[in-house]
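This report concerns only the one structure given below.
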Amino acid sequence: MAFSFHIQSDSEIPASQQLLDQLQFAIASHQFASDQRLPSLRQLEMITGLHRNTISKIYRELEALGLVKLVPGSGVYVQDQRQSPATPPQAIKEPSPQLQTIFDDAIHQLLEAGYSLPQIRQLFIKAIDWRFACAAQVIITVPQRELGAGQWILQEISQAITIPLQLVPLEALAERLERITAATLVTTPYFVQAVAAIAPPNIQIIPVTLHDYGPELAQIKALPPNHHLGLVSFSPGILHAASTIIQSLKGSDINLIVSTPEDSPRLCYLIQRSETILCDSLSYKIIKKQLEKLYPRLIHQPQIILCKNYISKTSLRLLKQTFETD
C-alpha cells in the first residue's frame, strides 16, 4: 500500500475525521493514481480499527465530493479528476508507436462513424484552437476562505510559467464567467466538483495535483517526543489538513500550535513556544520579521521547515505543456 494510514486514539480529532482527511490528502497529492482501487473496507478496518460502517460512510462522503467512485461488487476507485481538455499530450516531436496507435485508432473510429478525412481534420483543428483560446485567459479559483491556498498556487505557477493569471474566489466565479467566451480554470482536487458545477462547457478545467510532502513528513516523523511544533499558513484548510496528518502520525508525542500570519498575537506566541516551525512560502517572510522582533526575548531560536511546493512537479510540467506557445 503506497500510503500509510495512522489513527491516534488519544487525539482530540475524531478518528473518522483523521481517516477522511488522510484519504483526501492521499488522493489530492496523487499518492493514489486516477482509477486506482482504494483499500477495501476490511483492509482499512484492520489498519485503523474503525468499524467498516464508519469507513463506508467516509467513502460515501468522498464520493459526494467527487474524489472517488463506488463500483458495486468491485470496490472504491479514485475518480479521474482530469477534464478531457486538461490533459495535454507529451511534448515530443515524434509520437511513440503506442501514441501513434492511439492516434490512428481515433481516426479509424471517426471514419467508421461516418466522418470524412477533411471533416476529421477540422475536428482536430477546432479542438486545438479551442484549447489555445482557453489558454489565453487563465483563472485560479478556490473558495473565499481558501484564498491563501489560491495565492500559493498563483505564486508557483507564475514562477514556472510566464502567463497572465487571475485569482477569482469561487463565490464570484459565475459572474466572472458571464463575460468570457473561453478560459482555463485552475483549482485543486478538493474543489473541482464545485468548479465544474459552475463552469459552462466552453471552459477548460484543470485540477492540479498537490505536492506529496514526503520530505517534510519525514522530518516531522523524526522529531523527538514532546516536541513543540508550530504550523503557519494563510490557508485555514491547509492548517486543518496538516494538523490532522501530523497528529495522526505523532499523536501525543507532539505539541502542536497553529496560526495564520495575520494573527500577530497568536503568531508571536507560536514563535516563542515552538522548537520547529513548519510554514508555507507565503508566510515565511512574515515569520522571519517576527523572529527578528522577538529575538531578544527568545529562549531558543526555532528551526524553520519551509514548504516550498504546493503543486506537484508533474502538474507544473503539464501546465507548462498546456500553456507554452513554442
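Every chain in the C-alpha cells takes a letter, A first, then B, and so on in the order presented; its residues are numbered from 1, and the ligands are numbered from 1 following the presented order.
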
#### Entry: Residues within 9 Å of Leu50 of chain A, only C-alpha atoms, excluding chain neighbours under 5 positions, as a VMD selection string
chain A and resid 7 15 to 16 44 to 45 55

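Excluding segment 157-160 of chain A itself and same-chain residues fewer than 5 positions from it, the residues having an atom within 9 Å of it are Trp152, Leu165, Ile311, Leu316, Arg317, Leu319 and Lys320 of chain A, counting only C-alpha atoms.
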
Enumerate, in order of chain and increasing residue number, the residues of segment 26-108 of chain A with an atom no farther than 12 Å from segment 238-251 of chain A, each with its shortest atom pair and distance in Å to one decimal, counting only C-alpha atoms, as a tab-separated table.
residue	atom	partner	partner_atom	distance
A:Ala26	CA	A:Ile245	CA	10.4
A:Ala28	CA	A:Ala241	CA	11.4
A:Thr48	CA	A:Ser248	CA	10.8

Export, as a short mmCIF file (atom, residue, chain, number, x, y, z; two decimals), in the first residue's frame, the selected residues with N, CA and C atoms.
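Below is the file that was written, result_33.cif:
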data_model
loop_
_atom_site.label_atom_id
_atom_site.label_comp_id
_atom_site.auth_asym_id
_atom_site.auth_seq_id
_atom_site.Cartn_x
_atom_site.Cartn_y
_atom_site.Cartn_z
N ALA A 26 -4.20 11.96 0.48
CA ALA A 26 -3.56 10.95 -0.36
C ALA A 26 -4.03 11.05 -1.81
N ALA A 28 -5.48 13.86 -3.24
CA ALA A 28 -5.11 15.16 -3.79
C ALA A 28 -3.64 15.24 -4.14
N THR A 48 -6.95 0.58 10.70
CA THR A 48 -7.32 1.73 11.54
C THR A 48 -8.07 1.36 12.81
#

### Query
Excluding same-chain residues fewer than 3 positions from Pro225 of chain A, what lies within 9 Å of it counting only C-alpha atoms, as a PyMOL selection string?
chain A and resi 250+252-255

Using all heavy atoms, can you write the selected residues to a file as a PDB file, in the first residue's frame?
ATOM      1  N   LYS A 250       1.961  11.517  14.867  1.00  0.00           N
ATOM      2  CA  LYS A 250       2.720  11.674  16.105  1.00  0.00           C
ATOM      3  C   LYS A 250       1.885  11.577  17.373  1.00  0.00           C
ATOM      4  O   LYS A 250       2.424  11.274  18.439  1.00  0.00           O
ATOM      5  CB  LYS A 250       3.436  13.039  16.089  1.00  0.00           C
ATOM      6  CG  LYS A 250       4.393  13.240  14.932  1.00  0.00           C
ATOM      7  CD  LYS A 250       5.640  12.362  15.047  1.00  0.00           C
ATOM      8  CE  LYS A 250       6.534  12.833  16.162  1.00  0.00           C
ATOM      9  NZ  LYS A 250       7.819  12.066  16.222  1.00  0.00           N
ATOM     10  N   SER A 252       0.210  12.110  20.798  1.00  0.00           N
ATOM     11  CA  SER A 252       0.569  12.891  21.976  1.00  0.00           C
ATOM     12  C   SER A 252       2.067  13.173  22.058  1.00  0.00           C
ATOM     13  O   SER A 252       2.522  13.882  22.959  1.00  0.00           O
ATOM     14  CB  SER A 252       0.118  12.150  23.245  1.00  0.00           C
ATOM     15  OG  SER A 252       0.697  10.857  23.297  1.00  0.00           O
ATOM     16  N   ASP A 253       2.851  12.621  21.123  1.00  0.00           N
ATOM     17  CA  ASP A 253       4.288  12.896  21.093  1.00  0.00           C
ATOM     18  C   ASP A 253       4.612  14.299  20.590  1.00  0.00           C
ATOM     19  O   ASP A 253       5.765  14.718  20.644  1.00  0.00           O
ATOM     20  CB  ASP A 253       5.009  11.881  20.188  1.00  0.00           C
ATOM     21  CG  ASP A 253       5.215  10.548  20.879  1.00  0.00           C
ATOM     22  OD1 ASP A 253       5.008  10.488  22.104  1.00  0.00           O
ATOM     23  OD2 ASP A 253       5.567   9.573  20.203  1.00  0.00           O
ATOM     24  N   ILE A 254       3.612  14.999  20.087  1.00  0.00           N
ATOM     25  CA  ILE A 254       3.852  16.323  19.513  1.00  0.00           C
ATOM     26  C   ILE A 254       2.976  17.358  20.205  1.00  0.00           C
ATOM     27  O   ILE A 254       1.824  17.094  20.548  1.00  0.00           O
ATOM     28  CB  ILE A 254       3.576  16.330  17.990  1.00  0.00           C
ATOM     29  CG1 ILE A 254       4.329  17.466  17.284  1.00  0.00           C
ATOM     30  CG2 ILE A 254       2.107  16.428  17.683  1.00  0.00           C
ATOM     31  CD1 ILE A 254       5.744  17.113  16.952  1.00  0.00           C
ATOM     32  N   ASN A 255       3.537  18.516  20.479  1.00  0.00           N
ATOM     33  CA  ASN A 255       2.776  19.646  20.999  1.00  0.00           C
ATOM     34  C   ASN A 255       2.586  20.624  19.838  1.00  0.00           C
ATOM     35  O   ASN A 255       3.539  21.300  19.431  1.00  0.00           O
ATOM     36  CB  ASN A 255       3.530  20.318  22.148  1.00  0.00           C
ATOM     37  CG  ASN A 255       3.697  19.400  23.341  1.00  0.00           C
ATOM     38  OD1 ASN A 255       2.722  18.947  23.927  1.00  0.00           O
ATOM     39  ND2 ASN A 255       4.935  19.103  23.703  1.00  0.00           N
TER      40      ASN A 255
END

### Message
DSSP on the backbone: which residues in segment 119-171 of chain A end up as strand (DSSP E or B)? Give the answer as a PyMOL selection string.
### Response
chain A and resi 138-142+165-169

### Task
Run DSSP on the backbone of this structure and report the residues of segment 66-276 of chain A it assigns to alpha helix (DSSP H), as number ranges by chain.
A: 97-112, 117-135, 147-160, 173-177, 192-198, 214-221, 236-250, 264-273

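Atom pair atom CA of Leu267 of chain A / atom CA of Ser11 of chain A has a distance of 23.2 Å (rounded to one decimal).
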
### Task
Please identify all polymer residues within 9 Å of segment 137-146 of chain A, counting only C-alpha atoms, omitting same-chain residues fewer than 4 positions from it, and present them as a count of residues only.
31

Show me, as CSV, the residues of segment 132-234 of chain A having an atom within 10 Å of segment 60-68 of chain A, each with the closest atom pair and its distance in Å, using only C-alpha atoms.
residue,atom,partner,partner_atom,distance
A:Pro189,CA,A:Leu67,CA,7.4
A:Tyr190,CA,A:Leu65,CA,7.4
A:Phe191,CA,A:Leu65,CA,8.1
A:Val192,CA,A:Gly66,CA,8.0
A:Gln193,CA,A:Gly66,CA,6.0
A:Ala194,CA,A:Leu65,CA,8.6

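Residue nearest His30 of chain A, chosen from A:Ile47, A:Leu210, A:Ala135, A:Ile220 and counting only C-alpha atoms: A:Leu210.
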
### Task
Have a look at A:Ser96, A:Asn53, A:Cys307, A:Leu41 and name the one nearest to Gly75 of chain A; count only C-alpha atoms.
A:Leu41

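With atom CA of Thr181 of chain A on one side and atom CA of Phe124 of chain A on the other, the separation reads 19.5 Å.
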
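Those residues that approach Cys268 of chain A to within 10 Å, counting only C-alpha atoms, are Ser259, Pro261, Asp263, Arg273, Ile287, Gln290, Leu291, Lys293 and Leu294 of chain A; same-chain residues fewer than 5 positions away are not listed.
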
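Excluding Ser312 of chain A and any residue on its chain fewer than 3 positions from it, the residues at most 8 Å away by only C-alpha atoms are Ser29, Val208, Thr209, Leu210, His211, Asp212, Asn309, Ser315 and Leu316 of chain A.
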
Selected residues, N, CA and C atoms, written as a compact mmCIF listing (two decimals), in the first residue's frame, please.
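Writing the result to selection_35.txt gives the following:
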# COMPACT_ATOMS: atom_id res chain seq x y z
N SER A 29 -2.79 14.52 -3.39
CA SER A 29 -1.35 14.55 -3.66
C SER A 29 -0.93 13.42 -4.60
N VAL A 208 -5.11 20.71 -10.33
CA VAL A 208 -3.69 20.42 -10.13
C VAL A 208 -3.53 19.33 -9.07
N THR A 209 -2.50 18.53 -9.22
CA THR A 209 -2.14 17.54 -8.22
C THR A 209 -1.25 18.21 -7.18
N LEU A 210 -1.48 17.90 -5.92
CA LEU A 210 -0.72 18.55 -4.85
C LEU A 210 0.59 17.82 -4.58
N HIS A 211 1.56 18.57 -4.07
CA HIS A 211 2.85 18.03 -3.63
C HIS A 211 2.58 17.00 -2.53
N ASP A 212 3.35 15.90 -2.51
CA ASP A 212 3.08 14.83 -1.54
C ASP A 212 3.69 15.08 -0.16
N ASN A 309 6.75 23.91 -1.96
CA ASN A 309 5.83 23.49 -3.02
C ASN A 309 4.44 23.20 -2.49
N SER A 315 2.22 18.25 -12.13
CA SER A 315 1.19 19.21 -12.52
C SER A 315 1.80 20.46 -13.15
N LEU A 316 2.90 20.95 -12.59
CA LEU A 316 3.55 22.13 -13.15
C LEU A 316 4.07 21.84 -14.56
